[in-house]
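What's in model_27.cif: mmCIF, C-alpha atoms
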data_coords
#
loop_
_atom_site.group_PDB
_atom_site.id
_atom_site.type_symbol
_atom_site.label_atom_id
_atom_site.label_comp_id
_atom_site.auth_asym_id
_atom_site.auth_seq_id
_atom_site.Cartn_x
_atom_site.Cartn_y
_atom_site.Cartn_z
ATOM 1 C CA MET A 8 142.267 -29.950 20.657
ATOM 2 C CA HIS A 9 142.488 -27.169 23.227
ATOM 3 C CA LEU A 10 145.553 -27.305 25.436
ATOM 4 C CA ASN A 11 145.644 -25.452 28.733
ATOM 5 C CA LEU A 12 149.070 -23.824 28.313
ATOM 6 C CA PRO A 13 150.660 -20.764 29.966
ATOM 7 C CA ASN A 14 151.579 -17.528 28.171
ATOM 8 C CA LYS A 15 155.029 -17.508 29.716
ATOM 9 C CA VAL A 16 157.441 -19.955 31.355
ATOM 10 C CA THR A 17 160.617 -19.525 33.402
ATOM 11 C CA LEU A 18 163.642 -21.609 32.456
ATOM 12 C CA ILE A 19 166.298 -22.141 35.122
ATOM 13 C CA GLU A 20 169.702 -22.864 33.598
ATOM 14 C CA VAL A 21 171.492 -25.699 35.407
ATOM 15 C CA GLY A 22 174.213 -26.495 32.858
ATOM 16 C CA PRO A 23 177.049 -24.756 34.762
ATOM 17 C CA ARG A 24 176.341 -27.055 37.702
ATOM 18 C CA ASP A 25 174.570 -30.228 36.568
ATOM 19 C CA GLY A 26 176.220 -30.203 33.150
ATOM 20 C CA PHE A 27 179.756 -29.264 34.087
ATOM 21 C CA GLN A 28 180.006 -31.674 37.033
ATOM 22 C CA PHE A 29 179.350 -34.600 34.690
ATOM 23 C CA GLU A 30 182.453 -33.840 32.600
ATOM 24 C CA LYS A 31 185.846 -35.294 33.471
ATOM 25 C CA ARG A 32 187.959 -32.582 31.823
ATOM 26 C CA ILE A 33 188.289 -29.664 34.242
ATOM 27 C CA ILE A 34 186.868 -26.419 32.861
ATOM 28 C CA PRO A 35 189.015 -23.344 33.629
ATOM 29 C CA THR A 36 187.223 -20.849 35.845
ATOM 30 C CA ASN A 37 187.600 -18.093 33.253
ATOM 31 C CA LEU A 38 185.727 -20.233 30.677
ATOM 32 C CA LYS A 39 182.968 -20.882 33.232
ATOM 33 C CA VAL A 40 182.666 -17.118 33.755
ATOM 34 C CA GLU A 41 182.551 -16.565 29.993
ATOM 35 C CA ILE A 42 179.804 -19.176 29.521
ATOM 36 C CA ILE A 43 177.688 -17.935 32.441
ATOM 37 C CA SER A 44 178.042 -14.318 31.248
ATOM 38 C CA GLY A 45 176.954 -15.487 27.789
ATOM 39 C CA LEU A 46 173.884 -17.166 29.267
ATOM 40 C CA VAL A 47 172.966 -13.964 31.096
ATOM 41 C CA ASP A 48 173.392 -12.062 27.838
ATOM 42 C CA ALA A 49 171.039 -14.607 26.207
ATOM 43 C CA GLY A 50 168.297 -13.643 28.665
ATOM 44 C CA LEU A 51 168.601 -16.304 31.356
ATOM 45 C CA ARG A 52 167.898 -14.780 34.743
ATOM 46 C CA ASP A 53 168.072 -17.813 37.048
ATOM 47 C CA ILE A 54 171.293 -19.834 36.790
ATOM 48 C CA GLN A 55 172.625 -22.625 39.008
ATOM 49 C CA VAL A 56 176.326 -21.921 38.721
ATOM 50 C CA THR A 57 178.098 -24.411 41.008
ATOM 51 C CA SER A 58 177.815 -26.812 43.921
ATOM 52 C CA PHE A 59 179.546 -26.743 47.276
ATOM 53 C CA VAL A 60 180.909 -30.269 47.540
ATOM 54 C CA HIS A 61 184.242 -31.761 48.581
ATOM 55 C CA PRO A 62 186.735 -31.140 45.751
ATOM 56 C CA ASP A 63 188.029 -34.707 46.017
ATOM 57 C CA VAL A 64 184.539 -35.981 45.195
ATOM 58 C CA VAL A 65 183.683 -33.504 42.428
ATOM 59 C CA PRO A 66 186.921 -31.809 41.267
ATOM 60 C CA GLN A 67 184.996 -29.810 38.653
ATOM 61 C CA MET A 68 183.389 -27.756 41.441
ATOM 62 C CA ALA A 69 186.590 -27.050 43.417
ATOM 63 C CA ASP A 70 186.545 -23.402 42.279
ATOM 64 C CA ALA A 71 183.070 -22.595 43.683
ATOM 65 C CA GLU A 72 184.137 -19.599 45.804
ATOM 66 C CA ASP A 73 186.508 -18.243 43.157
ATOM 67 C CA LEU A 74 183.821 -18.526 40.468
ATOM 68 C CA LEU A 75 181.281 -16.616 42.554
ATOM 69 C CA ARG A 76 183.818 -13.864 43.221
ATOM 70 C CA ARG A 77 184.406 -13.439 39.501
ATOM 71 C CA LEU A 78 180.793 -13.407 38.329
ATOM 72 C CA LEU A 79 179.334 -9.994 37.562
ATOM 73 C CA LYS A 80 176.501 -9.384 40.022
ATOM 74 C CA ARG A 81 173.245 -8.028 38.643
ATOM 75 C CA ASN A 82 170.049 -7.266 40.530
ATOM 76 C CA ASP A 83 167.950 -8.988 37.880
ATOM 77 C CA VAL A 84 169.989 -12.229 37.846
ATOM 78 C CA ARG A 85 169.763 -14.963 40.474
ATOM 79 C CA TYR A 86 172.840 -17.168 40.892
ATOM 80 C CA SER A 87 172.323 -20.303 42.941
ATOM 81 C CA ALA A 88 174.282 -23.380 44.029
ATOM 82 C CA LEU A 89 173.593 -26.918 45.157
ATOM 83 C CA VAL A 90 174.655 -27.839 48.697
ATOM 84 C CA LEU A 91 174.860 -31.396 50.016
ATOM 85 C CA ASN A 92 175.532 -30.899 53.739
ATOM 86 C CA GLU A 93 175.765 -28.236 56.458
ATOM 87 C CA LYS A 94 179.390 -27.525 55.539
ATOM 88 C CA GLY A 95 178.130 -26.676 52.053
ATOM 89 C CA VAL A 96 175.531 -24.306 53.519
ATOM 90 C CA GLU A 97 178.289 -22.603 55.535
ATOM 91 C CA ARG A 98 180.527 -22.232 52.474
ATOM 92 C CA ALA A 99 177.669 -20.811 50.398
ATOM 93 C CA HIS A 100 176.868 -18.312 53.162
ATOM 94 C CA LEU A 101 180.503 -17.226 53.520
ATOM 95 C CA SER A 102 180.718 -16.723 49.751
ATOM 96 C CA GLY A 103 177.790 -14.304 49.950
ATOM 97 C CA LEU A 104 175.378 -16.523 48.018
ATOM 98 C CA GLN A 105 171.714 -15.917 48.813
ATOM 99 C CA HIS A 106 170.090 -18.773 46.884
ATOM 100 C CA ILE A 107 170.777 -22.463 47.458
ATOM 101 C CA GLU A 108 169.280 -25.821 46.578
ATOM 102 C CA ILE A 109 169.094 -28.623 49.127
ATOM 103 C CA SER A 110 168.301 -31.910 47.414
ATOM 104 C CA ILE A 111 167.555 -35.409 48.668
ATOM 105 C CA SER A 112 166.566 -38.612 46.884
ATOM 106 C CA ALA A 113 163.190 -40.293 47.252
ATOM 107 C CA SER A 114 164.954 -43.582 46.470
ATOM 108 C CA ASP A 115 166.718 -45.267 49.377
ATOM 109 C CA THR A 116 169.204 -47.068 47.097
ATOM 110 C CA HIS A 117 169.994 -43.953 45.049
ATOM 111 C CA SER A 118 170.375 -41.977 48.295
ATOM 112 C CA ARG A 119 172.919 -44.503 49.596
ATOM 113 C CA LYS A 120 174.905 -44.334 46.342
ATOM 114 C CA ASN A 121 174.599 -40.559 45.864
ATOM 115 C CA ALA A 122 174.716 -39.226 49.426
ATOM 116 C CA GLY A 123 176.155 -42.210 51.282
ATOM 117 C CA MET A 124 173.174 -42.534 53.607
ATOM 118 C CA PRO A 125 169.687 -44.085 53.701
ATOM 119 C CA PHE A 126 166.627 -42.059 52.704
ATOM 120 C CA GLU A 127 165.323 -41.368 56.244
ATOM 121 C CA LYS A 128 168.702 -40.091 57.442
ATOM 122 C CA ALA A 129 169.104 -37.950 54.311
ATOM 123 C CA LEU A 130 165.672 -36.407 54.918
ATOM 124 C CA GLU A 131 166.588 -35.467 58.494
ATOM 125 C CA MET A 132 169.898 -33.986 57.323
ATOM 126 C CA GLY A 133 168.076 -32.068 54.609
ATOM 127 C CA LYS A 134 165.754 -30.536 57.193
ATOM 128 C CA ASP A 135 168.743 -29.564 59.370
ATOM 129 C CA MET A 136 170.296 -27.860 56.330
ATOM 130 C CA VAL A 137 167.077 -25.928 55.676
ATOM 131 C CA ARG A 138 167.019 -24.753 59.300
ATOM 132 C CA LEU A 139 170.640 -23.570 59.079
ATOM 133 C CA ALA A 140 170.042 -21.810 55.758
ATOM 134 C CA ARG A 141 167.022 -20.058 57.255
ATOM 135 C CA GLU A 142 169.211 -18.746 60.073
ATOM 136 C CA TYR A 143 171.333 -17.139 57.347
ATOM 137 C CA ASN A 144 168.204 -15.699 55.653
ATOM 138 C CA MET A 145 168.902 -17.636 52.479
ATOM 139 C CA GLU A 146 166.301 -18.456 49.842
ATOM 140 C CA ILE A 147 165.922 -22.216 49.771
ATOM 141 C CA ARG A 148 164.921 -24.472 46.944
ATOM 142 C CA ALA A 149 164.273 -28.040 48.119
ATOM 143 C CA GLY A 150 164.780 -30.746 45.511
ATOM 144 C CA ILE A 151 163.383 -34.279 45.452
ATOM 145 C CA GLN A 152 165.456 -36.605 43.239
ATOM 146 C CA CYS A 153 164.146 -39.792 41.567
ATOM 147 C CA ALA A 154 160.573 -38.599 42.090
ATOM 148 C CA PHE A 155 159.275 -40.505 39.049
ATOM 149 C CA GLY A 156 161.255 -43.690 39.394
ATOM 150 C CA CYS A 157 164.658 -45.194 40.142
ATOM 151 C CA VAL A 158 166.738 -47.603 38.062
ATOM 152 C CA TYR A 159 167.511 -49.516 41.263
ATOM 153 C CA GLU A 160 164.075 -49.566 42.904
ATOM 154 C CA GLY A 161 161.670 -49.056 40.015
ATOM 155 C CA ARG A 162 158.560 -47.037 40.774
ATOM 156 C CA ILE A 163 158.774 -44.601 43.687
ATOM 157 C CA PRO A 164 155.507 -44.370 45.658
ATOM 158 C CA GLU A 165 153.840 -40.984 45.165
ATOM 159 C CA GLU A 166 153.074 -40.964 48.891
ATOM 160 C CA ARG A 167 156.811 -40.791 49.627
ATOM 161 C CA VAL A 168 157.268 -37.765 47.385
ATOM 162 C CA LEU A 169 154.262 -36.107 49.029
ATOM 163 C CA LYS A 170 155.672 -36.896 52.488
ATOM 164 C CA ILE A 171 159.022 -35.259 51.660
ATOM 165 C CA THR A 172 157.163 -32.266 50.222
ATOM 166 C CA THR A 173 155.104 -31.837 53.386
ATOM 167 C CA GLU A 174 158.191 -32.118 55.619
ATOM 168 C CA PHE A 175 160.054 -29.430 53.668
ATOM 169 C CA LEU A 176 157.058 -27.085 53.438
ATOM 170 C CA LYS A 177 156.551 -27.329 57.208
ATOM 171 C CA ILE A 178 160.017 -25.968 57.996
ATOM 172 C CA GLY A 179 159.939 -23.242 55.374
ATOM 173 C CA ILE A 180 161.229 -23.373 51.810
ATOM 174 C CA GLN A 181 160.698 -20.909 48.972
ATOM 175 C CA THR A 182 160.635 -23.322 46.013
ATOM 176 C CA LEU A 183 160.077 -27.046 45.463
ATOM 177 C CA ALA A 184 161.949 -28.865 42.675
ATOM 178 C CA ILE A 185 160.739 -32.263 41.493
ATOM 179 C CA SER A 186 163.450 -34.196 39.656
ATOM 180 C CA ASP A 187 163.253 -37.001 37.142
ATOM 181 C CA THR A 188 166.870 -37.894 37.898
ATOM 182 C CA THR A 189 166.882 -41.177 36.009
ATOM 183 C CA GLY A 190 164.713 -40.020 33.096
ATOM 184 C CA MET A 191 161.979 -42.570 33.853
ATOM 185 C CA ALA A 192 159.027 -40.165 33.773
ATOM 186 C CA ASP A 193 156.328 -40.301 31.125
ATOM 187 C CA PRO A 194 153.303 -38.008 30.563
ATOM 188 C CA ARG A 195 151.018 -40.215 32.643
ATOM 189 C CA LEU A 196 153.387 -40.299 35.633
ATOM 190 C CA ILE A 197 153.950 -36.537 35.341
ATOM 191 C CA LYS A 198 150.220 -35.774 35.398
ATOM 192 C CA ASN A 199 149.428 -38.192 38.212
ATOM 193 C CA LEU A 200 152.086 -36.801 40.550
ATOM 194 C CA ILE A 201 151.692 -33.111 39.688
ATOM 195 C CA LYS A 202 147.907 -33.239 40.150
ATOM 196 C CA LYS A 203 148.393 -34.677 43.646
ATOM 197 C CA LEU A 204 151.241 -32.294 44.445
ATOM 198 C CA MET A 205 149.668 -28.978 43.444
ATOM 199 C CA PRO A 206 146.985 -28.874 46.184
ATOM 200 C CA GLU A 207 149.686 -29.621 48.793
ATOM 201 C CA VAL A 208 152.133 -26.875 47.795
ATOM 202 C CA GLY A 209 149.688 -23.949 47.744
ATOM 203 C CA ASN A 210 151.536 -20.826 46.592
ATOM 204 C CA THR A 211 155.008 -22.409 46.722
ATOM 205 C CA PRO A 212 156.434 -22.454 43.175
ATOM 206 C CA VAL A 213 157.150 -25.891 41.677
ATOM 207 C CA VAL A 214 160.101 -26.473 39.322
ATOM 208 C CA LEU A 215 160.393 -29.598 37.202
ATOM 209 C CA HIS A 216 163.893 -30.988 36.577
ATOM 210 C CA LEU A 217 163.770 -33.427 33.666
ATOM 211 C CA HIS A 218 166.388 -35.692 32.125
ATOM 212 C CA ASP A 219 165.957 -36.896 28.565
ATOM 213 C CA THR A 220 167.234 -40.451 29.065
ATOM 214 C CA ARG A 221 164.345 -42.057 27.176
ATOM 215 C CA GLY A 222 163.608 -39.204 24.803
ATOM 216 C CA LEU A 223 160.428 -38.032 26.557
ATOM 217 C CA GLY A 224 161.823 -34.846 28.102
ATOM 218 C CA LEU A 225 159.911 -32.284 26.026
ATOM 219 C CA VAL A 226 156.752 -34.423 25.953
ATOM 220 C CA ASN A 227 156.887 -34.398 29.747
ATOM 221 C CA VAL A 228 157.263 -30.595 29.681
ATOM 222 C CA MET A 229 154.008 -30.382 27.704
ATOM 223 C CA SER A 230 152.200 -32.605 30.228
ATOM 224 C CA ALA A 231 153.529 -30.589 33.158
ATOM 225 C CA MET A 232 152.437 -27.285 31.594
ATOM 226 C CA GLU A 233 148.916 -28.655 31.169
ATOM 227 C CA CYS A 234 148.943 -29.316 34.939
ATOM 228 C CA GLY A 235 150.003 -25.747 35.757
ATOM 229 C CA VAL A 236 153.807 -26.042 36.017
ATOM 230 C CA THR A 237 155.563 -23.017 34.486
ATOM 231 C CA ARG A 238 159.146 -23.430 35.755
ATOM 232 C CA PHE A 239 161.637 -25.877 34.282
ATOM 233 C CA ASP A 240 165.323 -26.641 34.739
ATOM 234 C CA THR A 241 167.196 -26.838 31.446
ATOM 235 C CA ALA A 242 170.860 -27.210 30.483
ATOM 236 C CA LEU A 243 172.535 -25.657 27.469
ATOM 237 C CA ALA A 244 173.124 -28.233 24.691
ATOM 238 C CA GLY A 245 171.439 -30.916 26.835
ATOM 239 C CA MET A 246 174.459 -31.319 29.117
ATOM 240 C CA GLY A 247 174.393 -33.288 32.337
ATOM 241 C CA GLY A 248 173.484 -36.642 33.798
ATOM 242 C CA CYS A 249 173.763 -38.431 37.104
ATOM 243 C CA PRO A 250 177.154 -40.121 37.809
ATOM 244 C CA PHE A 251 175.375 -42.708 39.971
ATOM 245 C CA VAL A 252 172.866 -43.782 37.311
ATOM 246 C CA SER A 253 174.084 -46.043 34.521
ATOM 247 C CA GLY A 254 173.150 -44.712 31.074
ATOM 248 C CA ALA A 255 171.655 -41.488 32.424
ATOM 249 C CA ALA A 256 171.312 -38.802 29.774
ATOM 250 C CA GLY A 257 171.534 -35.043 30.118
ATOM 251 C CA ASN A 258 168.891 -32.524 31.033
ATOM 252 C CA ILE A 259 166.388 -31.240 28.516
ATOM 253 C CA ALA A 260 168.345 -28.787 26.362
ATOM 254 C CA THR A 261 167.797 -25.075 26.939
ATOM 255 C CA GLU A 262 167.786 -24.324 23.204
ATOM 256 C CA ASP A 263 165.350 -27.168 22.415
ATOM 257 C CA THR A 264 162.984 -26.111 25.192
ATOM 258 C CA VAL A 265 163.028 -22.470 24.048
ATOM 259 C CA ASN A 266 162.313 -23.665 20.502
ATOM 260 C CA LEU A 267 159.313 -25.688 21.738
ATOM 261 C CA MET A 268 157.979 -22.675 23.622
ATOM 262 C CA ARG A 269 158.457 -20.433 20.612
ATOM 263 C CA SER A 270 156.447 -22.853 18.456
ATOM 264 C CA LEU A 271 153.595 -22.572 20.983
ATOM 265 C CA ASN A 272 153.840 -18.760 21.313
ATOM 266 C CA ILE A 273 154.917 -19.123 24.943
ATOM 267 C CA LYS A 274 157.361 -16.429 26.073
ATOM 268 C CA THR A 275 160.723 -17.278 27.656
ATOM 269 C CA GLY A 276 162.744 -14.079 27.111
ATOM 270 C CA ILE A 277 165.666 -16.217 25.895
ATOM 271 C CA ASP A 278 167.665 -15.842 22.671
ATOM 272 C CA ILE A 279 168.346 -19.350 21.296
ATOM 273 C CA SER A 280 171.250 -18.265 19.090
ATOM 274 C CA LYS A 281 173.133 -16.692 22.017
ATOM 275 C CA VAL A 282 172.690 -19.834 24.137
ATOM 276 C CA ALA A 283 173.825 -21.917 21.151
ATOM 277 C CA THR A 284 177.032 -19.853 20.929
ATOM 278 C CA CYS A 285 177.820 -20.893 24.521
ATOM 279 C CA SER A 286 177.034 -24.531 23.703
ATOM 280 C CA GLN A 287 179.301 -24.463 20.662
ATOM 281 C CA LYS A 288 182.186 -23.086 22.746
ATOM 282 C CA LEU A 289 181.757 -25.988 25.167
ATOM 283 C CA GLU A 290 181.595 -28.571 22.383
ATOM 284 C CA ASP A 291 184.821 -27.126 20.999
ATOM 285 C CA PHE A 292 186.451 -27.197 24.436
ATOM 286 C CA PHE A 293 185.408 -30.776 25.233
ATOM 287 C CA GLU A 294 185.848 -31.925 21.623
ATOM 288 C CA LYS A 295 182.516 -33.745 21.731
ATOM 289 C CA ARG A 296 178.878 -33.329 20.751
ATOM 290 C CA PHE A 297 176.158 -32.933 23.325
ATOM 291 C CA SER A 298 172.687 -34.386 22.956
ATOM 292 C CA GLY A 299 170.720 -31.190 22.256
ATOM 293 C CA LYS A 300 169.397 -30.541 18.737
ATOM 294 C CA MET A 301 168.862 -26.828 18.137
ATOM 295 C CA HIS A 302 172.372 -25.603 18.969
ATOM 296 C CA ARG A 303 173.763 -27.719 16.116
ATOM 297 C CA LEU A 304 171.500 -25.963 13.622
ATOM 298 C CA MET A 305 173.032 -22.618 14.580
ATOM 299 C CA ARG A 306 176.592 -23.455 13.459
#
Please go through the file and, once you have read it, give me the structure as structure tokens.
Amino acid sequence: MHLNLPNKVTLIEVGPRDGFQFEKRIIPTNLKVEIISGLVDAGLRDIQVTSFVHPDVVPQMADAEDLLRRLLKRNDVRYSALVLNEKGVERAHLSGLQHIEISISASDTHSRKNAGMPFEKALEMGKDMVRLAREYNMEIRAGIQCAFGCVYEGRIPEERVLKITTEFLKIGIQTLAISDTTGMADPRLIKNLIKKLMPEVGNTPVVLHLHDTRGLGLVNVMSAMECGVTRFDTALAGMGGCPFVSGAAGNIATEDTVNLMRSLNIKTGIDISKVATCSQKLEDFFEKRFSGKMHRLMR
């Protein structure tokens, strides 16, 4: 069977944001710096390092500005952050960050729980944030959460995801991220949506953000690659999850995804053993095991 697969993929590390924010025990800023530096050393060149949110809501991210000050800047490494409102855009700008993600949910119920507002209002706020970020000459990644389904609403109409995509593309974004926030995607859903999405986005890069809630994360990666997607969010050790989704599992693990690519002779430029060292440090710190597989084999 001939598979239409790429020669190379780009993995975007989201563990320091999506993974860390899910943990209750506060990680010292110096350990965050150590982990992120280790990920850079492992070959990761695109890392989402924090989010600009109210510290009362997500205490783990209270050190966003301090963390960015401490990170070693390199021309070949892109640090980015998630922002949830215009105040977040302002904070990111004042911290000197050039790359941000603005993310809204395609599910009205999830949007109300996650952002405290209905879908339509969240979409308008998202567009206002894009406009503000453009004034600051920032590079903007627009994310669409719950694109493949929602535990509260079930199936999300593809037309809604396409509508959000069109709205964001009209006002000017650099990257589109499609998120399986609740881990409800399967290969069929992936192919159906991506095939409809690709003609709409033109040259705008598409990133897939997958959670492994039902164990189909890497299978979904395969399906997406066959449809032309070559950029994926991953989290070291499979960290992460959505606090507003009961039973949500972490992201697809960076080490496991690199291992899959290696088995298919697809280049990533990432050293699994160096990522695993970072994962092991975090397991030791949190005194727990994360859901990824490959990092355990490196002990």
Once you count all atoms listed in the file, what closest atom pair and distance in Å to one decimal does each residue of range 183-267 of chain A within 8 Å of range 160-175 of chain A have, with rows by chain and rising residue number, as JSON lines?
{"residue": "A:Leu183", "atom": "CA", "partner": "A:Thr172", "partner_atom": "CA", "distance": 7.6}
{"residue": "A:Leu200", "atom": "CA", "partner": "A:Glu165", "partner_atom": "CA", "distance": 6.5}
{"residue": "A:Leu204", "atom": "CA", "partner": "A:Leu169", "partner_atom": "CA", "distance": 6.7}
{"residue": "A:Glu207", "atom": "CA", "partner": "A:Thr173", "partner_atom": "CA", "distance": 7.4}
{"residue": "A:Val208", "atom": "CA", "partner": "A:Thr172", "partner_atom": "CA", "distance": 7.8}
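The two atoms in question, CA of Asn272 in chain A and CA of Thr17 in chain A, are spaced 13.9 Å apart.
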Find the residues around Val137 in chain A up to 9 Å (only C-alpha atoms counted), leave out those fewer than 5 positions away in its own chain, and share them as a PyMOL selection string. chain A and resi 96+109+132+142+147+149+175+178-180
For each of A:Gly224, A:Gly245, A:Arg98, A:Ser186, take the minimum atom-to-atom distance to Phe29 in chain A, counting all atoms listed in the file, then give the residue where this is smallest.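 Ranked by minimum distance to Phe29 in chain A, first place goes to A:Gly245.
Comparing A:Val16, A:Ser270, A:Gln287, A:Ser44 by their smallest distance to Leu215 in chain A, the closest is A:Val16 (using all atoms listed in the file).
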Using all atoms listed in the file, determine which residues lie at most 12 Å from Gly45 in chain A, disregarding the query and same-chain residues fewer than 4 positions distant; provide the list as an NGL selection string. :A and (20 or 23 or 38-41 or 49-52 or 54 or 78-79 or 243 or 277-289)
Choose the residue, out of A:Ala242, A:Ala122, A:Val214, A:Met305, that has the smallest atom-to-atom separation from Gly22 in chain A; count only C-alpha atoms. A:Ala242
Neighbouring residues of Cys157 in chain A were defined as those with any atom within 9 Å, considering only C-alpha atoms; residues of the same chain fewer than 2 positions away were excluded. Please report them as number ranges by chain. A: 113-114, 116-117, 153-155, 159-163, 187-191, 252
Shortest interatomic distance to Asn258 in chain A - which of A:Leu304, A:Ile201, A:Pro13, A:Phe27, counting only C-alpha atoms: A:Phe27
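When only C-alpha atoms are used to measure the gap to Arg221 in chain A, the shortest distance among A:Lys202, A:Ile185, A:Asp193, A:Asn144 belongs to A:Asp193.
We find CA of Arg195 in chain A and CA of Ala260 in chain A to be spaced 21.7 Å apart.
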